[in-house]
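> My structure is stored as protein03.cif, with mmCIF, C-alpha atoms.
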data_model
#
loop_
_atom_site.group_PDB
_atom_site.id
_atom_site.type_symbol
_atom_site.label_atom_id
_atom_site.label_comp_id
_atom_site.auth_asym_id
_atom_site.auth_seq_id
_atom_site.Cartn_x
_atom_site.Cartn_y
_atom_site.Cartn_z
ATOM 1 C CA MET A 1 -7.325 30.947 -28.097
ATOM 2 C CA ALA A 2 -6.653 31.969 -24.485
ATOM 3 C CA LYS A 3 -10.361 31.772 -23.682
ATOM 4 C CA LYS A 4 -10.610 28.293 -25.171
ATOM 5 C CA ALA A 5 -7.641 27.041 -23.109
ATOM 6 C CA CYS A 6 -9.172 28.456 -19.914
ATOM 7 C CA LEU A 7 -12.519 26.787 -20.596
ATOM 8 C CA ALA A 8 -10.780 23.555 -21.422
ATOM 9 C CA GLU A 9 -9.020 23.390 -18.062
ATOM 10 C CA PHE A 10 -11.560 24.805 -15.630
ATOM 11 C CA GLY A 11 -14.578 23.711 -17.626
ATOM 12 C CA ILE A 12 -13.465 20.089 -17.229
ATOM 13 C CA ILE A 13 -13.587 20.381 -13.449
ATOM 14 C CA GLN A 14 -16.960 22.108 -13.330
ATOM 15 C CA ARG A 15 -18.668 19.974 -15.951
ATOM 16 C CA PHE A 16 -17.408 16.513 -15.069
ATOM 17 C CA PHE A 17 -16.208 16.487 -11.466
ATOM 18 C CA ALA A 18 -17.643 19.354 -9.383
ATOM 19 C CA ARG A 19 -20.499 18.322 -7.084
ATOM 20 C CA LYS A 20 -22.538 20.788 -5.063
ATOM 21 C CA THR A 21 -23.560 18.213 -2.455
ATOM 22 C CA ILE A 22 -21.079 17.544 0.353
ATOM 23 C CA THR A 23 -21.251 13.925 1.471
ATOM 24 C CA ASN A 24 -18.827 13.716 4.374
ATOM 25 C CA SER A 25 -19.092 15.760 7.565
ATOM 26 C CA SER A 26 -15.293 16.255 7.596
ATOM 27 C CA THR A 27 -15.443 18.280 4.377
ATOM 28 C CA ARG A 28 -15.580 21.977 5.236
ATOM 29 C CA LEU A 29 -14.708 23.275 1.763
ATOM 30 C CA GLY A 30 -14.378 21.351 -1.481
ATOM 31 C CA ILE A 31 -13.782 22.284 -5.111
ATOM 32 C CA GLY A 32 -13.688 25.988 -5.946
ATOM 33 C CA ASP A 33 -10.915 27.594 -3.879
ATOM 34 C CA ASP A 34 -7.127 27.339 -3.867
ATOM 35 C CA CYS A 35 -7.288 24.707 -1.125
ATOM 36 C CA ALA A 36 -9.869 22.370 0.321
ATOM 37 C CA LEU A 37 -10.591 22.406 4.048
ATOM 38 C CA LEU A 38 -11.036 19.307 6.191
ATOM 39 C CA ALA A 39 -12.063 19.025 9.823
ATOM 40 C CA ILE A 40 -10.361 16.220 11.769
ATOM 41 C CA PRO A 41 -12.486 15.076 14.740
ATOM 42 C CA ASP A 42 -10.898 14.900 18.174
ATOM 43 C CA GLY A 43 -9.334 11.525 18.852
ATOM 44 C CA TYR A 44 -8.669 10.714 15.190
ATOM 45 C CA GLU A 45 -5.664 10.713 12.880
ATOM 46 C CA LEU A 46 -5.648 11.467 9.157
ATOM 47 C CA ALA A 47 -4.469 8.618 6.932
ATOM 48 C CA VAL A 48 -3.190 9.854 3.543
ATOM 49 C CA THR A 49 -2.163 7.861 0.457
ATOM 50 C CA THR A 50 -1.249 8.764 -3.133
ATOM 51 C CA ASP A 51 -1.162 6.544 -6.209
ATOM 52 C CA THR A 52 -0.458 7.248 -9.885
ATOM 53 C CA MET A 53 -1.529 5.209 -12.912
ATOM 54 C CA VAL A 54 0.179 5.732 -16.267
ATOM 55 C CA GLU A 55 -1.153 4.521 -19.613
ATOM 56 C CA ASN A 56 0.729 1.474 -20.956
ATOM 57 C CA VAL A 57 2.406 1.012 -17.561
ATOM 58 C CA HIS A 58 -0.522 0.447 -15.194
ATOM 59 C CA PHE A 59 -3.329 0.058 -17.723
ATOM 60 C CA PHE A 60 -3.667 -0.717 -21.411
ATOM 61 C CA ALA A 61 -4.356 1.975 -23.986
ATOM 62 C CA GLY A 62 -8.031 1.781 -24.868
ATOM 63 C CA THR A 63 -9.112 0.589 -21.410
ATOM 64 C CA ASP A 64 -12.795 1.258 -20.787
ATOM 65 C CA PRO A 65 -12.793 4.726 -19.152
ATOM 66 C CA GLU A 66 -15.627 3.964 -16.731
ATOM 67 C CA GLN A 67 -13.774 0.909 -15.452
ATOM 68 C CA LEU A 68 -10.567 2.948 -15.315
ATOM 69 C CA GLY A 69 -12.216 5.652 -13.202
ATOM 70 C CA HIS A 70 -13.482 2.997 -10.805
ATOM 71 C CA LYS A 71 -10.137 1.225 -10.550
ATOM 72 C CA LEU A 72 -8.130 4.419 -10.043
ATOM 73 C CA LEU A 73 -10.204 5.294 -6.997
ATOM 74 C CA ALA A 74 -10.492 1.687 -5.788
ATOM 75 C CA VAL A 75 -6.733 1.123 -5.528
ATOM 76 C CA ASN A 76 -6.385 4.216 -3.340
ATOM 77 C CA LEU A 77 -9.345 3.330 -1.132
ATOM 78 C CA SER A 78 -7.772 -0.117 -0.762
ATOM 79 C CA ASP A 79 -4.701 1.501 0.828
ATOM 80 C CA LEU A 80 -6.961 3.189 3.362
ATOM 81 C CA ALA A 81 -8.744 -0.109 3.995
ATOM 82 C CA SER A 82 -5.437 -1.806 4.791
ATOM 83 C CA MET A 83 -4.843 0.715 7.591
ATOM 84 C CA GLY A 84 -8.368 0.329 8.969
ATOM 85 C CA ALA A 85 -9.264 3.893 7.973
ATOM 86 C CA LYS A 86 -12.657 5.228 6.972
ATOM 87 C CA PRO A 87 -12.301 7.159 3.686
ATOM 88 C CA ILE A 88 -13.547 10.739 3.720
ATOM 89 C CA SER A 89 -12.156 12.585 0.697
ATOM 90 C CA VAL A 90 -9.963 12.382 -2.392
ATOM 91 C CA MET A 91 -8.099 14.685 -4.753
ATOM 92 C CA LEU A 92 -7.714 13.906 -8.451
ATOM 93 C CA ALA A 93 -5.000 15.045 -10.869
ATOM 94 C CA LEU A 94 -5.623 14.344 -14.558
ATOM 95 C CA THR A 95 -2.986 14.676 -17.270
ATOM 96 C CA MET A 96 -4.493 14.083 -20.718
ATOM 97 C CA PRO A 97 -3.268 14.465 -24.298
ATOM 98 C CA ASN A 98 -6.576 16.076 -25.304
ATOM 99 C CA VAL A 99 -10.103 16.773 -24.051
ATOM 100 C CA ASN A 100 -12.377 13.891 -25.025
ATOM 101 C CA GLU A 101 -15.824 14.610 -23.582
ATOM 102 C CA VAL A 102 -17.138 11.086 -24.153
ATOM 103 C CA TRP A 103 -14.106 9.609 -22.373
ATOM 104 C CA LEU A 104 -14.340 12.110 -19.513
ATOM 105 C CA THR A 105 -18.058 11.468 -19.006
ATOM 106 C CA ALA A 106 -17.501 7.733 -18.643
ATOM 107 C CA PHE A 107 -14.351 8.138 -16.505
ATOM 108 C CA ALA A 108 -16.084 10.534 -14.122
ATOM 109 C CA ARG A 109 -19.090 8.215 -13.869
ATOM 110 C CA GLY A 110 -16.921 5.293 -12.793
ATOM 111 C CA PHE A 111 -14.909 7.417 -10.370
ATOM 112 C CA LEU A 112 -17.803 9.270 -8.751
ATOM 113 C CA THR A 113 -20.112 6.256 -8.509
ATOM 114 C CA LEU A 114 -17.556 4.461 -6.359
ATOM 115 C CA ALA A 115 -16.910 7.647 -4.358
ATOM 116 C CA GLU A 116 -20.614 7.989 -3.600
ATOM 117 C CA ARG A 117 -20.795 4.334 -2.556
ATOM 118 C CA TYR A 118 -18.354 5.026 0.291
ATOM 119 C CA GLY A 119 -19.425 8.574 1.135
ATOM 120 C CA VAL A 120 -16.211 10.100 -0.237
ATOM 121 C CA ASP A 121 -16.002 13.708 -1.399
ATOM 122 C CA LEU A 122 -13.876 14.782 -4.354
ATOM 123 C CA ILE A 123 -12.455 18.001 -2.891
ATOM 124 C CA GLY A 124 -9.958 19.190 -5.527
ATOM 125 C CA GLY A 125 -7.098 18.338 -7.842
ATOM 126 C CA ASP A 126 -5.597 19.499 -11.114
ATOM 127 C CA THR A 127 -5.870 19.058 -14.881
ATOM 128 C CA THR A 128 -2.929 19.363 -17.274
ATOM 129 C CA SER A 129 -1.988 18.476 -20.820
ATOM 130 C CA GLY A 130 0.344 15.557 -21.536
ATOM 131 C CA ALA A 131 0.528 11.766 -21.742
ATOM 132 C CA LEU A 132 -2.431 10.096 -20.004
ATOM 133 C CA THR A 133 -1.501 9.975 -16.315
ATOM 134 C CA LEU A 134 -3.960 9.691 -13.436
ATOM 135 C CA THR A 135 -3.157 10.489 -9.803
ATOM 136 C CA VAL A 136 -5.339 10.283 -6.704
ATOM 137 C CA GLN A 137 -4.622 11.340 -3.164
ATOM 138 C CA ALA A 138 -7.051 9.698 -0.739
ATOM 139 C CA MET A 139 -7.645 10.613 2.890
ATOM 140 C CA GLY A 140 -9.326 8.716 5.693
ATOM 141 C CA LEU A 141 -9.870 8.804 9.432
ATOM 142 C CA ILE A 142 -8.609 6.289 11.967
ATOM 143 C CA PRO A 143 -8.960 6.434 15.769
ATOM 144 C CA ARG A 144 -5.694 7.728 17.205
ATOM 145 C CA GLY A 145 -3.149 4.963 17.769
ATOM 146 C CA GLN A 146 -5.275 2.236 16.146
ATOM 147 C CA ALA A 147 -3.973 2.208 12.550
ATOM 148 C CA LEU A 148 -3.066 -1.223 11.201
ATOM 149 C CA LEU A 149 0.647 -1.280 10.319
ATOM 150 C CA ARG A 150 3.030 -3.642 8.518
ATOM 151 C CA SER A 151 5.660 -3.701 11.246
ATOM 152 C CA THR A 152 3.971 -5.360 14.235
ATOM 153 C CA ALA A 153 3.513 -9.043 13.291
ATOM 154 C CA MET A 154 4.668 -11.542 15.908
ATOM 155 C CA PRO A 155 5.615 -15.245 15.769
ATOM 156 C CA GLY A 156 2.506 -17.345 16.345
ATOM 157 C CA ASP A 157 0.158 -14.908 14.603
ATOM 158 C CA PHE A 158 -2.232 -16.513 12.148
ATOM 159 C CA ILE A 159 -2.217 -15.157 8.561
ATOM 160 C CA TYR A 160 -5.576 -14.444 6.942
ATOM 161 C CA LEU A 161 -6.790 -13.340 3.548
ATOM 162 C CA SER A 162 -10.037 -11.617 2.593
ATOM 163 C CA GLY A 163 -11.758 -12.943 -0.538
ATOM 164 C CA ASN A 164 -10.163 -15.086 -3.238
ATOM 165 C CA LEU A 165 -6.663 -15.051 -4.645
ATOM 166 C CA GLY A 166 -5.575 -14.858 -8.292
ATOM 167 C CA ASP A 167 -8.818 -13.815 -9.981
ATOM 168 C CA ALA A 168 -7.366 -10.477 -11.098
ATOM 169 C CA GLY A 169 -4.227 -12.235 -12.354
ATOM 170 C CA LEU A 170 -6.427 -14.521 -14.423
ATOM 171 C CA GLY A 171 -8.327 -11.475 -15.687
ATOM 172 C CA LEU A 172 -5.041 -9.987 -16.900
ATOM 173 C CA LYS A 173 -4.170 -13.207 -18.720
ATOM 174 C CA ILE A 174 -7.602 -13.244 -20.362
ATOM 175 C CA THR A 175 -7.028 -9.636 -21.483
ATOM 176 C CA GLN A 176 -3.721 -10.783 -22.977
ATOM 177 C CA GLY A 177 -5.381 -13.602 -24.923
ATOM 178 C CA TYR A 178 -5.803 -16.594 -22.594
ATOM 179 C CA TYR A 179 -9.068 -18.437 -23.278
ATOM 180 C CA CYS A 180 -11.395 -18.947 -20.319
ATOM 181 C CA ALA A 181 -14.853 -20.471 -20.665
ATOM 182 C CA TYR A 182 -16.317 -18.181 -17.991
ATOM 183 C CA PRO A 183 -14.243 -14.985 -18.035
ATOM 184 C CA ASP A 184 -16.657 -12.454 -16.524
ATOM 185 C CA LEU A 185 -15.727 -12.821 -12.845
ATOM 186 C CA ALA A 186 -11.979 -12.701 -13.477
ATOM 187 C CA LEU A 187 -12.259 -9.731 -15.845
ATOM 188 C CA ASN A 188 -14.434 -7.864 -13.366
ATOM 189 C CA ARG A 189 -11.959 -8.477 -10.551
ATOM 190 C CA PHE A 190 -9.123 -7.190 -12.755
ATOM 191 C CA ASN A 191 -10.920 -4.162 -14.167
ATOM 192 C CA MET A 192 -13.128 -3.128 -11.229
ATOM 193 C CA PRO A 193 -11.707 -4.319 -7.893
ATOM 194 C CA ILE A 194 -13.713 -3.712 -4.734
ATOM 195 C CA PRO A 195 -11.761 -2.057 -1.911
ATOM 196 C CA ARG A 196 -12.317 -3.965 1.336
ATOM 197 C CA ILE A 197 -13.295 -0.880 3.333
ATOM 198 C CA GLU A 198 -15.728 -2.614 5.690
ATOM 199 C CA THR A 199 -13.327 -5.483 6.347
ATOM 200 C CA GLY A 200 -10.475 -3.112 7.108
ATOM 201 C CA GLN A 201 -12.521 -1.198 9.661
ATOM 202 C CA ALA A 202 -13.704 -4.463 11.226
ATOM 203 C CA LEU A 203 -10.062 -5.464 11.744
ATOM 204 C CA VAL A 204 -9.213 -2.458 13.940
ATOM 205 C CA ASN A 205 -8.377 -3.801 17.414
ATOM 206 C CA VAL A 206 -8.504 -7.334 15.949
ATOM 207 C CA ALA A 207 -5.612 -7.651 13.480
ATOM 208 C CA ARG A 208 -1.989 -7.118 14.416
ATOM 209 C CA THR A 209 -0.795 -6.130 10.907
ATOM 210 C CA CYS A 210 -2.421 -5.634 7.518
ATOM 211 C CA ILE A 211 -1.549 -4.919 3.879
ATOM 212 C CA ASP A 212 -3.537 -4.841 0.655
ATOM 213 C CA LEU A 213 -2.527 -7.116 -2.207
ATOM 214 C CA SER A 214 -1.500 -4.872 -5.082
ATOM 215 C CA ASP A 215 1.667 -6.687 -6.179
ATOM 216 C CA GLY A 216 0.768 -10.265 -5.247
ATOM 217 C CA LEU A 217 0.524 -12.285 -2.038
ATOM 218 C CA ALA A 218 4.168 -13.391 -1.946
ATOM 219 C CA SER A 219 5.477 -9.874 -2.516
ATOM 220 C CA ASP A 220 3.065 -7.996 -0.260
ATOM 221 C CA LEU A 221 3.185 -10.495 2.596
ATOM 222 C CA GLY A 222 6.943 -10.181 2.191
ATOM 223 C CA HIS A 223 6.653 -6.495 3.137
ATOM 224 C CA ILE A 224 5.051 -7.466 6.442
ATOM 225 C CA LEU A 225 7.749 -10.053 7.091
ATOM 226 C CA GLU A 226 10.544 -7.615 6.290
ATOM 227 C CA GLN A 227 9.213 -4.728 8.343
ATOM 228 C CA SER A 228 8.235 -6.972 11.266
ATOM 229 C CA GLN A 229 11.530 -8.925 11.050
ATOM 230 C CA VAL A 230 9.775 -12.299 11.056
ATOM 231 C CA GLY A 231 9.122 -15.183 8.663
ATOM 232 C CA ALA A 232 6.041 -17.170 7.684
ATOM 233 C CA SER A 233 4.666 -20.411 6.298
ATOM 234 C CA ILE A 234 1.563 -20.513 4.134
ATOM 235 C CA ASN A 235 -0.385 -23.629 3.167
ATOM 236 C CA TRP A 236 -1.202 -24.125 -0.499
ATOM 237 C CA GLU A 237 -4.266 -26.221 0.289
ATOM 238 C CA ASP A 238 -5.734 -23.382 2.391
ATOM 239 C CA LEU A 239 -5.483 -20.679 -0.279
ATOM 240 C CA PRO A 240 -8.965 -19.447 -1.290
ATOM 241 C CA LEU A 241 -9.100 -19.975 -5.066
ATOM 242 C CA SER A 242 -12.092 -19.613 -7.367
ATOM 243 C CA ASP A 243 -13.133 -22.441 -9.671
ATOM 244 C CA ALA A 244 -11.842 -20.436 -12.638
ATOM 245 C CA VAL A 245 -8.364 -20.067 -11.098
ATOM 246 C CA ARG A 246 -8.274 -23.750 -10.139
ATOM 247 C CA ASN A 247 -9.228 -24.660 -13.697
ATOM 248 C CA TYR A 248 -6.479 -22.392 -15.048
ATOM 249 C CA ILE A 249 -3.918 -24.142 -12.834
ATOM 250 C CA GLU A 250 -5.122 -27.600 -13.905
ATOM 251 C CA ILE A 251 -4.789 -26.677 -17.582
ATOM 252 C CA THR A 252 -1.512 -24.757 -17.465
ATOM 253 C CA GLY A 253 0.266 -26.161 -14.410
ATOM 254 C CA ASP A 254 1.012 -22.557 -13.418
ATOM 255 C CA TRP A 255 0.319 -22.926 -9.686
ATOM 256 C CA LEU A 256 2.524 -19.933 -8.857
ATOM 257 C CA MET A 257 0.195 -17.490 -10.613
ATOM 258 C CA PRO A 258 -2.145 -16.883 -7.617
ATOM 259 C CA LEU A 259 0.872 -16.234 -5.392
ATOM 260 C CA LEU A 260 2.622 -13.812 -7.731
ATOM 261 C CA ALA A 261 -0.120 -11.998 -9.664
ATOM 262 C CA GLY A 262 -1.127 -8.524 -8.523
ATOM 263 C CA ASP A 263 -4.283 -6.418 -8.618
ATOM 264 C CA ASP A 264 -6.387 -8.576 -6.273
ATOM 265 C CA TYR A 265 -6.647 -5.751 -3.700
ATOM 266 C CA GLU A 266 -7.681 -8.198 -1.007
ATOM 267 C CA LEU A 267 -6.421 -7.686 2.540
ATOM 268 C CA CYS A 268 -3.701 -9.905 3.963
ATOM 269 C CA PHE A 269 -3.453 -9.593 7.738
ATOM 270 C CA THR A 270 -2.117 -11.283 10.835
ATOM 271 C CA VAL A 271 -4.029 -11.964 14.034
ATOM 272 C CA SER A 272 -2.979 -13.303 17.419
ATOM 273 C CA PRO A 273 -4.507 -16.690 18.309
ATOM 274 C CA GLU A 274 -6.466 -14.942 21.065
ATOM 275 C CA ASN A 275 -8.234 -12.739 18.507
ATOM 276 C CA ALA A 276 -8.838 -15.418 15.865
ATOM 277 C CA ALA A 277 -12.497 -15.826 16.838
ATOM 278 C CA LYS A 278 -13.094 -12.126 16.032
ATOM 279 C CA VAL A 279 -11.948 -12.408 12.391
ATOM 280 C CA PRO A 280 -14.762 -11.860 9.850
ATOM 281 C CA VAL A 281 -16.128 -15.197 8.628
ATOM 282 C CA SER A 282 -15.500 -14.190 4.991
ATOM 283 C CA CYS A 283 -11.733 -14.367 5.574
ATOM 284 C CA SER A 284 -9.546 -17.476 5.191
ATOM 285 C CA LYS A 285 -6.682 -18.591 7.436
ATOM 286 C CA ILE A 286 -3.753 -19.408 5.140
ATOM 287 C CA GLY A 287 -0.675 -19.670 7.355
ATOM 288 C CA VAL A 288 1.274 -18.610 10.409
ATOM 289 C CA ILE A 289 3.977 -16.088 11.302
ATOM 290 C CA GLU A 290 7.271 -17.675 12.416
ATOM 291 C CA ALA A 291 10.467 -16.460 14.057
ATOM 292 C CA ASN A 292 12.734 -17.730 11.262
ATOM 293 C CA SER A 293 13.016 -15.272 8.373
ATOM 294 C CA GLY A 294 11.770 -16.114 4.884
ATOM 295 C CA LEU A 295 8.462 -17.037 3.285
ATOM 296 C CA ARG A 296 7.779 -20.774 3.017
ATOM 297 C CA LEU A 297 5.055 -22.508 1.030
ATOM 298 C CA ILE A 298 3.802 -25.909 2.187
ATOM 299 C CA LYS A 299 2.397 -27.737 -0.842
ATOM 300 C CA SER A 300 1.527 -31.448 -0.846
ATOM 301 C CA GLY A 301 3.629 -31.918 2.276
ATOM 302 C CA THR A 302 6.720 -30.305 0.736
ATOM 303 C CA ILE A 303 8.181 -27.037 2.012
ATOM 304 C CA GLN A 304 9.415 -24.588 -0.635
ATOM 305 C CA LEU A 305 11.096 -21.234 -0.050
ATOM 306 C CA LEU A 306 9.470 -18.425 -2.036
ATOM 307 C CA LYS A 307 11.868 -15.711 -3.179
ATOM 308 C CA VAL A 308 9.903 -13.218 -5.233
ATOM 309 C CA LYS A 309 9.448 -9.488 -5.551
ATOM 310 C CA GLY A 310 6.632 -7.501 -7.034
ATOM 311 C CA TYR A 311 6.951 -5.001 -9.850
ATOM 312 C CA GLU A 312 9.265 -2.103 -9.044
ATOM 313 C CA HIS A 313 9.661 1.022 -11.173
ATOM 314 C CA PHE A 314 13.245 1.834 -12.255
ATOM 315 C CA SER A 315 14.465 -1.618 -11.151
#
Translate the structure of the given file into structure tokens.

Amino acid sequence: MAKKACLAEFGIIQRFFARKTITNSSTRLGIGDDCALLAIPDGYELAVTTDTMVENVHFFAGTDPEQLGHKLLAVNLSDLASMGAKPISVMLALTMPNVNEVWLTAFARGFLTLAERYGVDLIGGDTTSGALTLTVQAMGLIPRGQALLRSTAMPGDFIYLSGNLGDAGLGLKITQGYYCAYPDLALNRFNMPIPRIETGQALVNVARTCIDLSDGLASDLGHILEQSQVGASINWEDLPLSDAVRNYIEITGDWLMPLLAGDDYELCFTVSPENAAKVPVSCSKIGVIEANSGLRLIKSGTIQLLKVKGYEHFS
């Protein structure tokens, strides 16, 4: 029995997650020892983020494991993107009720495929027995003093958004039973978000502040406003919405959904007017930072105050 338990724990790492090839030059030692070793180049800082996903809290029981592996890594890489960091390595902690080799094969495929796409090494972690809980710690490099923060927005800054808004929220509603004639895009955005790594790095020395949209535009932009001690106005007509989201709003009248729904993992950032010409063309200007506190929505010529918060554990 003791031998079986040992193989179950360490065999999982070797069979499904250990890779002999080192992708990133910062990785000096990966899986196999008590600690991994990273080399930080001169002139750089290490950006570190950790995120946990729990079954039936962050994802539904029965979620496709390959999509889950992708999303778990993507949400952590998105945090690095919001700081302008280049991802270099991750650590993975798996807590599982049992060892399901089919599930693990698919999960690892989704996780490692995305890691390889961005040249990220899986350098260690842990496996334990218990309710399905997935934790990643991701690390990236940023030139010293150039990280994009939440606390430096200034009145007059323009507010921009990468990509579209609300597609992941629509994907969640489809998962919960809402009928959509063309569901594939929304479901893909919900299940397999793409971290905006390239955009984040392009915003270094361009953007003043940045955040990724995990809890919804109103909530996450609110973090920038709070930490920068400013306010903002956003224009409804300027929000980048897909045809599917626009159709959803026309049918349901639920125009707040794109503002409140999470899981888009787009970047919301502010830029001084002087730097506006340097913003990537794929990004949309949606509003402006103001001195007066609060978040205001201008819709059909009417100004509405948005008072919302994202999901908070233990609240």
> Tell me which residues the PyMOL selection byres ((chain A and resi 281) around 12) grabs here, as a ChimeraX atom specification.
/A:160-163,199,202-203,276-280,282-285
> For the residues in the current selection, export C-alpha atoms as a short mmCIF file (atom, residue, chain, number, x, y, z; two decimals), keeping the file's coordinate frame.

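Below you can see again_8.cif, which holds the result:
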data_model
loop_
_atom_site.label_atom_id
_atom_site.label_comp_id
_atom_site.auth_asym_id
_atom_site.auth_seq_id
_atom_site.Cartn_x
_atom_site.Cartn_y
_atom_site.Cartn_z
CA TYR A 160 -5.58 -14.44 6.94
CA LEU A 161 -6.79 -13.34 3.55
CA SER A 162 -10.04 -11.62 2.59
CA GLY A 163 -11.76 -12.94 -0.54
CA THR A 199 -13.33 -5.48 6.35
CA ALA A 202 -13.70 -4.46 11.23
CA LEU A 203 -10.06 -5.46 11.74
CA ALA A 276 -8.84 -15.42 15.86
CA ALA A 277 -12.50 -15.83 16.84
CA LYS A 278 -13.09 -12.13 16.03
CA VAL A 279 -11.95 -12.41 12.39
CA PRO A 280 -14.76 -11.86 9.85
CA SER A 282 -15.50 -14.19 4.99
CA CYS A 283 -11.73 -14.37 5.57
CA SER A 284 -9.55 -17.48 5.19
CA LYS A 285 -6.68 -18.59 7.44
#
> What's the separation between CA of Ala108 (chain A) and CA of Arg189 (chain A), in Å to one decimal place?
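If I compute the distance from CA of Ala108 (chain A) to CA of Arg189 (chain A), I get 19.8 Å.
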> Env of Leu185 (chain A): 9 Å cut, atoms = only C-alpha atoms, seq-sep filter 5 positions within chain, self excluded. Answer as a ChimeraX atom specification.
/A:167-168,171,190,244
> Export, as a compact mmCIF listing (two decimals), in the coordinates of the input, the selected residues with C-alpha atoms.

# COMPACT_ATOMS: atom_id res chain seq x y z
CA ASP A 167 -8.82 -13.82 -9.98
CA ALA A 168 -7.37 -10.48 -11.10
CA GLY A 171 -8.33 -11.48 -15.69
CA PHE A 190 -9.12 -7.19 -12.76
CA ALA A 244 -11.84 -20.44 -12.64
> Report, in Å to a single decimal, how far apart CA of Met83 (chain A) and CA of Thr95 (chain A) are.
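For CA of Thr95 (chain A) relative to CA of Met83 (chain A), the distance reads 28.6 Å.
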> Between A:Gln201, A:Gln137, A:Thr63, A:Asn56, single out the one closest to Asn76 (chain A), counting only C-alpha atoms.
A:Gln137
> My list of candidates is A:Pro258, A:Gly253, A:Pro97, A:Gly43. Which is closest to Leu172 (chain A) when distances are computed with all atoms listed in the file?
A:Pro258
> Convert the output of the PyMOL selection byres ((chain A and resi 37) around 12) on the shown file into explicit residues, formatted as a ChimeraX atom specification.
/A:24-36,38-40,89-91,121-124
> Using Å and a single decimal, report how far CA of Leu134 (chain A) sits from CA of Met53 (chain A).
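Distance between the two atoms: 5.1 Å.
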> Give me the result of the PyMOL selection byres ((chain A and resi 242) around 9) on this file, residue by residue, as number ranges by chain.
A: 164-167, 240-241, 243-247
> So which residues touch Lys86 (chain A) within 9 Å, counting all atoms listed in the file, skipping near sequence neighbours fewer than 4 positions away, as a PyMOL selection string?
chain A and resi 47+77+80-81+118+139-142+197-198+200-201
> Which residues, written as a list in words, have at least one atom at most 12 Å from Ile298 (chain A), with only C-alpha atoms counted and residues fewer than 5 positions away on the same chain left out?
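The contact residues come out as Ala232, Ser233, Ile234, Asn235, Trp236, Glu237, Asp238, Leu239, Ile286, Gly287, Val288, Ile303, Gln304, Leu305 and Leu306 of chain A.
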> Store the residues of this selection in a file with C-alpha atoms, as a PDB file, in the coordinates of the input.

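The resulting file, selection_35.pdb, is shown below:
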ATOM      1  CA  ALA A 232       6.041 -17.170   7.684  1.00  0.00           C
ATOM      2  CA  SER A 233       4.666 -20.411   6.298  1.00  0.00           C
ATOM      3  CA  ILE A 234       1.563 -20.513   4.134  1.00  0.00           C
ATOM      4  CA  ASN A 235      -0.385 -23.629   3.167  1.00  0.00           C
ATOM      5  CA  TRP A 236      -1.202 -24.125  -0.499  1.00  0.00           C
ATOM      6  CA  GLU A 237      -4.266 -26.221   0.289  1.00  0.00           C
ATOM      7  CA  ASP A 238      -5.734 -23.382   2.391  1.00  0.00           C
ATOM      8  CA  LEU A 239      -5.483 -20.679  -0.279  1.00  0.00           C
ATOM      9  CA  ILE A 286      -3.753 -19.408   5.140  1.00  0.00           C
ATOM     10  CA  GLY A 287      -0.675 -19.670   7.355  1.00  0.00           C
ATOM     11  CA  VAL A 288       1.274 -18.610  10.409  1.00  0.00           C
ATOM     12  CA  ILE A 303       8.181 -27.037   2.012  1.00  0.00           C
ATOM     13  CA  GLN A 304       9.415 -24.588  -0.635  1.00  0.00           C
ATOM     14  CA  LEU A 305      11.096 -21.234  -0.050  1.00  0.00           C
ATOM     15  CA  LEU A 306       9.470 -18.425  -2.036  1.00  0.00           C
TER      16      LEU A 306
END
